[in-house]
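Student: Pasting a structure here, questions to come.
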Amino acid sequence: KAFFTENVIATDLTGIVVTDASGNKIEGVVATLSETVLSITHPVFDYATKYTVTIPTGTIKGINNPYEWSFTTTTAPQVTATTPVNNAT
């Protein structure tokens, strides 16, 4: 999500993209705007992968520069214990 300091108006949200570390565009990204909050839905991300969200110029009325931010997803969950223990007899 992206948060704005005041209510904003979308002009064309279809240009918002999410890319992986190799620059590949993630398909299925959908952006919606509600007053001061831009929400971005997407398919499930891969574990331990860096992604970048880009809001291009002209997407939001009055925002005259593109905006980007990046994040990295967590690593995959690991099994830490089992009951009974592995190979128990």
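Ligands are numbered from 1 in the order shown, residues from 1 within each chain, and chains are lettered A, B, ... in the order they appear in the structure tokens.
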I want to know what sits within 8 Å of stretch 70-79 of chain A, based on only C-alpha atoms, with residues of the same chain fewer than 2 positions away left out; could you give that as a PyMOL selection string?

Tutor: chain A and resi 45-53+68+81-82

Student: Using DSSP on the backbone coordinates, identify the residues of chain A assigned to strand (DSSP E); present them as a PyMOL selection string.

Tutor: chain A and resi 2-3+17-20+30-34+37-41+50-55+67-72

Student: Take atom CA of A:Ile55 and atom CA of A:Ile16 and report the distance between them in Å, one decimal.

Tutor: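 The value is 4.9 Å.
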
Student: Could you tell me which of A:Thr32, A:Thr59, A:Thr80, A:Thr41 comes closest to A:Val18 if we count only C-alpha atoms?

Tutor: A:Thr41

Student: Just give me the gap between atom CA of A:Ala10 and atom CA of A:Gly23 in Å, one decimal is fine.

Tutor: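 According to the coordinates, atom CA of A:Ala10 and atom CA of A:Gly23 are separated by 25.0 Å.
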
Student: For each of A:Val17, A:Val85, A:Val44, A:Val29, take the minimum atom-to-atom distance to A:Pro66, counting only C-alpha atoms, then give the residue where this is smallest.

Tutor: A:Val17

Student: To one decimal place in Å, what is the distance between atom CA of A:Thr11 and atom CA of A:Pro56?

Tutor: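 Going from atom CA of A:Thr11 over to atom CA of A:Pro56, I get 11.0 Å.
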
Student: Closest to A:Ser39 among A:Thr89, A:Lys1, A:Ile9, A:Lys25, using only C-alpha atoms?

Tutor: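 Using only C-alpha atoms, the shortest distance to A:Ser39 belongs to A:Lys1.
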